[in-house]
file target_19.cif (mmCIF, C-alpha atoms)
data_work
loop_
_atom_site.group_PDB
_atom_site.id
_atom_site.type_symbol
_atom_site.label_atom_id
_atom_site.label_comp_id
_atom_site.auth_asym_id
_atom_site.auth_seq_id
_atom_site.Cartn_x
_atom_site.Cartn_y
_atom_site.Cartn_z
ATOM 1 C CA MET S 25 0.000 0.000 0.000
ATOM 2 C CA ASN S 26 1.412 3.384 -0.986
ATOM 3 C CA CYS S 27 0.227 5.721 1.778
ATOM 4 C CA LYS S 28 1.188 9.394 1.849
ATOM 5 C CA PRO S 29 1.639 10.504 5.490
ATOM 6 C CA GLY S 30 1.015 14.169 4.663
ATOM 7 C CA LEU S 31 -2.389 13.359 3.165
ATOM 8 C CA LEU S 32 -3.297 11.202 6.147
ATOM 9 C CA ILE S 33 -2.337 13.944 8.614
ATOM 10 C CA ALA S 34 -4.253 16.584 6.637
ATOM 11 C CA THR S 35 -7.349 14.371 6.566
ATOM 12 C CA MET S 36 -7.116 13.767 10.304
ATOM 13 C CA LEU S 37 -6.845 17.499 10.977
ATOM 14 C CA LEU S 38 -9.867 18.242 8.792
ATOM 15 C CA LEU S 39 -11.952 15.610 10.544
ATOM 16 C CA GLU S 40 -10.839 16.631 14.031
ATOM 17 C CA GLY S 41 -13.295 19.536 14.058
ATOM 18 C CA CYS S 42 -16.054 17.207 12.831
ATOM 19 C CA GLU S 43 -15.547 14.570 15.510
ATOM 20 C CA ASP S 44 -18.516 15.811 17.539
ATOM 21 C CA VAL S 45 -20.809 15.619 14.517
ATOM 22 C CA ILE S 46 -19.562 12.227 13.351
ATOM 23 C CA ARG S 47 -19.393 10.350 16.635
ATOM 24 C CA SER S 48 -22.196 11.539 18.838
ATOM 25 C CA PRO S 49 -25.308 12.909 17.153
ATOM 26 C CA GLN S 50 -28.140 13.203 19.643
ATOM 27 C CA LEU S 51 -31.824 12.814 18.827
ATOM 28 C CA ALA S 52 -34.264 14.927 20.830
ATOM 29 C CA TYR S 53 -37.971 15.706 20.840
ATOM 30 C CA LYS S 54 -40.231 18.591 21.800
ATOM 31 C CA ALA S 55 -44.027 18.668 21.958
ATOM 32 C CA SER S 56 -45.349 20.574 18.958
ATOM 33 C CA GLY S 57 -48.212 22.064 20.947
ATOM 34 C CA SER S 58 -50.851 20.217 18.934
ATOM 35 C CA ALA S 59 -54.005 19.367 20.807
ATOM 36 C CA GLN S 60 -56.982 17.168 20.102
ATOM 37 C CA CYS S 61 -59.980 18.805 18.359
ATOM 38 C CA GLU S 62 -57.758 21.709 17.200
ATOM 39 C CA ALA S 63 -55.803 22.533 14.064
ATOM 40 C CA SER S 64 -52.441 20.768 14.055
ATOM 41 C CA LYS S 65 -49.337 22.727 14.963
ATOM 42 C CA THR S 66 -47.127 19.898 13.704
ATOM 43 C CA THR S 67 -46.533 21.617 10.372
ATOM 44 C CA GLN S 68 -43.509 22.105 8.147
ATOM 45 C CA PRO S 69 -43.530 25.906 8.689
ATOM 46 C CA ASN S 70 -43.629 25.477 12.490
ATOM 47 C CA LEU S 71 -40.792 22.928 12.333
ATOM 48 C CA GLU S 72 -38.744 25.313 10.206
ATOM 49 C CA ALA S 73 -39.351 28.084 12.755
ATOM 50 C CA GLU S 74 -38.137 25.796 15.585
ATOM 51 C CA VAL S 75 -34.994 24.924 13.628
ATOM 52 C CA ALA S 76 -34.336 28.585 12.772
ATOM 53 C CA ALA S 77 -34.643 29.549 16.457
ATOM 54 C CA LEU S 78 -32.216 26.785 17.465
ATOM 55 C CA ARG S 79 -29.697 27.865 14.850
ATOM 56 C CA ALA S 80 -30.055 31.500 15.944
ATOM 57 C CA ALA S 81 -29.253 30.337 19.491
ATOM 58 C CA GLY S 82 -26.065 28.680 18.209
ATOM 59 C CA ALA S 83 -27.142 25.047 17.763
ATOM 60 C CA THR S 84 -26.098 22.932 14.823
ATOM 61 C CA VAL S 85 -29.132 21.024 13.544
ATOM 62 C CA LEU S 86 -28.216 17.978 11.471
ATOM 63 C CA ARG S 87 -31.745 16.705 10.755
ATOM 64 C CA SER S 88 -35.276 17.620 11.730
ATOM 65 C CA GLY S 89 -38.738 16.206 11.306
ATOM 66 C CA CYS S 90 -42.094 15.498 12.866
ATOM 67 C CA SER S 91 -42.962 12.551 15.084
ATOM 68 C CA ASN S 92 -45.550 11.246 17.483
ATOM 69 C CA ASP S 93 -44.827 9.887 20.955
ATOM 70 C CA GLY S 94 -46.562 6.602 20.018
ATOM 71 C CA LEU S 95 -48.589 6.530 23.219
ATOM 72 C CA ALA S 96 -52.333 6.273 23.748
ATOM 73 C CA HIS S 97 -53.894 9.565 24.838
ATOM 74 C CA PRO S 98 -57.304 10.019 26.474
ATOM 75 C CA THR S 99 -59.755 11.501 23.997
ATOM 76 C CA VAL S 100 -60.335 14.962 25.447
ATOM 77 C CA CYS S 101 -60.604 18.103 23.353
ATOM 78 C CA GLY S 102 -57.703 20.422 24.166
ATOM 79 C CA ALA S 103 -55.485 17.623 25.521
ATOM 80 C CA PRO S 104 -52.106 16.988 23.842
ATOM 81 C CA ASN S 105 -52.216 14.500 20.971
ATOM 82 C CA GLY S 106 -48.602 13.348 21.304
ATOM 83 C CA ASP S 107 -47.217 15.115 18.224
ATOM 84 C CA LEU S 108 -43.558 16.104 18.465
ATOM 85 C CA PHE S 109 -40.841 17.936 16.607
ATOM 86 C CA SER S 110 -37.688 15.829 16.297
ATOM 87 C CA ILE S 111 -34.151 17.061 15.763
ATOM 88 C CA GLU S 112 -30.722 15.529 15.601
ATOM 89 C CA VAL S 113 -27.791 17.621 16.811
ATOM 90 C CA PRO S 114 -24.140 17.088 17.693
ATOM 91 C CA ALA S 115 -23.371 16.724 21.393
ATOM 92 C CA LYS S 116 -21.991 20.264 21.529
ATOM 93 C CA SER S 117 -25.535 21.590 20.875
ATOM 94 C CA ALA S 118 -27.180 19.532 23.632
ATOM 95 C CA GLU S 119 -27.369 22.343 26.190
ATOM 96 C CA ILE S 120 -28.859 24.786 23.667
ATOM 97 C CA ILE S 121 -31.655 22.431 22.663
ATOM 98 C CA LYS S 122 -32.336 21.544 26.293
ATOM 99 C CA ARG S 123 -32.901 25.241 27.077
ATOM 100 C CA ALA S 124 -35.278 25.367 24.093
ATOM 101 C CA GLY S 125 -37.429 22.608 25.597
ATOM 102 C CA PHE S 126 -36.164 19.573 23.675
ATOM 103 C CA ARG S 127 -35.728 16.364 25.641
ATOM 104 C CA PRO S 128 -33.535 13.325 24.902
ATOM 105 C CA ALA S 129 -34.932 10.539 22.729
ATOM 106 C CA ALA S 130 -34.507 8.121 25.651
ATOM 107 C CA GLU S 131 -37.537 9.810 27.242
ATOM 108 C CA PHE S 132 -39.638 8.876 24.176
ATOM 109 C CA PRO S 133 -39.008 5.153 23.623
ATOM 110 C CA SER S 134 -42.205 4.720 21.564
ATOM 111 C CA ALA S 135 -41.737 7.752 19.284
ATOM 112 C CA LEU S 136 -42.486 7.224 15.607
ATOM 113 C CA ALA S 137 -41.574 9.451 12.682
ATOM 114 C CA MET S 138 -44.474 10.930 10.748
ATOM 115 C CA PRO S 139 -44.792 13.452 7.939
ATOM 116 C CA CYS S 140 -45.137 17.095 8.917
ATOM 117 C CA ARG S 141 -48.358 18.654 7.757
ATOM 118 C CA ALA S 142 -47.993 21.218 4.977
ATOM 119 C CA SER S 143 -49.752 24.028 6.868
ATOM 120 C CA PRO S 144 -52.202 24.577 9.733
#

call {"tool": "encode", "arguments": {"input": "target_19.cif", "output": "structure tokens"}}
result
Amino acid sequence: MNCKPGLLIATMLLLEGCEDVIRSPQLAYKASGSAQCEASKTTQPNLEAEVAALRAAGATVLRSGCSNDGLAHPTVCGAPNGDLFSIEVPAKSAEIIKRAGFRPAAEFPSALAMPCRASP
């Protein structure tokens, strides 16, 4: 194998700053605010607003989407329906998303991805 040490070192230096992104992305969820018997708030525009706010606060958002907690909810108008916004961030953004109300995926073991609604 003909390996060039300079190229290897340069590659390692480039990836060093990406280590946090590559090795430890963290999935987190936040209730979308949607309630039963009301128009859904789990929309693409609302998700985009959440992501924009996180980025403005300094977070790096790798992926985002809509989900549901996968749990049964009592049928009561005005009660939460379990819809969530989901994001994946590097570990360095964990504190920022926590302050924004996102909670670790471990707290939502039954969460399922779903499509975001186009608009309210």

call {"tool": "residues_around", "arguments": {"input": "target_19.cif", "residues": "range 86-94 of chain S", "least_positions_apart": "5", "cutoff": "7 Å", "atoms": "all atoms listed in the file", "output": "CSV table (one decimal) with C-alpha atoms, in the frame of the given file"}}
result
chain,number,residue,atom,x,y,z
S,66,THR,CA,-47.1,19.9,13.7
S,106,GLY,CA,-48.6,13.3,21.3
S,107,ASP,CA,-47.2,15.1,18.2
S,108,LEU,CA,-43.6,16.1,18.5
S,109,PHE,CA,-40.8,17.9,16.6
S,110,SER,CA,-37.7,15.8,16.3
S,111,ILE,CA,-34.2,17.1,15.8
S,112,GLU,CA,-30.7,15.5,15.6
S,113,VAL,CA,-27.8,17.6,16.8
S,132,PHE,CA,-39.6,8.9,24.2
S,134,SER,CA,-42.2,4.7,21.6
S,135,ALA,CA,-41.7,7.8,19.3
S,136,LEU,CA,-42.5,7.2,15.6
S,137,ALA,CA,-41.6,9.5,12.7
S,138,MET,CA,-44.5,10.9,10.7
S,139,PRO,CA,-44.8,13.5,7.9
S,140,CYS,CA,-45.1,17.1,8.9

call {"tool": "residues_around", "arguments": {"input": "target_19.cif", "residues": "range 72-79 of chain S", "least_positions_apart": "4", "cutoff": "9 Å", "atoms": "all atoms listed in the file", "output": "compact mmCIF listing (two decimals) with C-alpha atoms, in the coordinates of the input"}}
result
# COMPACT_ATOMS: atom_id res chain seq x y z
CA THR S 67 -46.53 21.62 10.37
CA GLN S 68 -43.51 22.10 8.15
CA ALA S 83 -27.14 25.05 17.76
CA THR S 84 -26.10 22.93 14.82
CA VAL S 85 -29.13 21.02 13.54
CA SER S 88 -35.28 17.62 11.73
CA PHE S 109 -40.84 17.94 16.61
CA ILE S 111 -34.15 17.06 15.76
CA ILE S 120 -28.86 24.79 23.67
CA ILE S 121 -31.66 22.43 22.66
CA ALA S 124 -35.28 25.37 24.09

call {"tool": "atom_distance", "arguments": {"input": "target_19.cif", "atom1": "CA of Cys101 in chain S", "atom2": "CA of Gly57 in chain S"}}
result
13.2 Å

call {"tool": "residues_around", "arguments": {"input": "target_19.cif", "residues": "Gly102 in chain S", "least_positions_apart": "3", "cutoff": "10 Å", "atoms": "only C-alpha atoms", "output": "MDAnalysis selection string"}}
result
chainID S and resid 58:62 99 105

call {"tool": "write_last_selection", "arguments": {"input": "target_19.cif", "atoms": "C-alpha atoms", "output": "short mmCIF file (atom, residue, chain, number, x, y, z; two decimals), keeping the file's coordinate frame"}}
result
data_model
loop_
_atom_site.label_atom_id
_atom_site.label_comp_id
_atom_site.auth_asym_id
_atom_site.auth_seq_id
_atom_site.Cartn_x
_atom_site.Cartn_y
_atom_site.Cartn_z
CA SER S 58 -50.85 20.22 18.93
CA ALA S 59 -54.00 19.37 20.81
CA GLN S 60 -56.98 17.17 20.10
CA CYS S 61 -59.98 18.80 18.36
CA GLU S 62 -57.76 21.71 17.20
CA THR S 99 -59.76 11.50 24.00
CA ASN S 105 -52.22 14.50 20.97
#

call {"tool": "atom_distance", "arguments": {"input": "target_19.cif", "atom1": "CA of Ala130 in chain S", "atom2": "CA of Ala142 in chain S"}}
result
27.9 Å

call {"tool": "atom_distance", "arguments": {"input": "target_19.cif", "atom1": "CA of Ser56 in chain S", "atom2": "CA of Gly125 in chain S"}}
result
10.5 Å

call {"tool": "closest_residue", "arguments": {"input": "target_19.cif", "among": "S:Pro128, S:Pro133, S:Pro104, S:Pro114", "to": "Gly82 in chain S", "atoms": "all atoms listed in the file"}}
result
S:Pro114

call {"tool": "closest_residue", "arguments": {"input": "target_19.cif", "among": "S:Ala52, S:Ala80, S:Leu71, S:Ser143", "to": "Lys122 in chain S", "atoms": "only C-alpha atoms"}}
result
S:Ala52

call {"tool": "axis_aligned_box", "arguments": {"input": "target_19.cif", "around": "range 132-143 of chain S", "padding_each_side": "6 Å", "output": "lines of an AutoDock Vina configuration file"}}
result
center_x = -44.4
center_y = 14.4
center_z = 14.6
size_x = 22.7
size_y = 31.3
size_z = 31.2
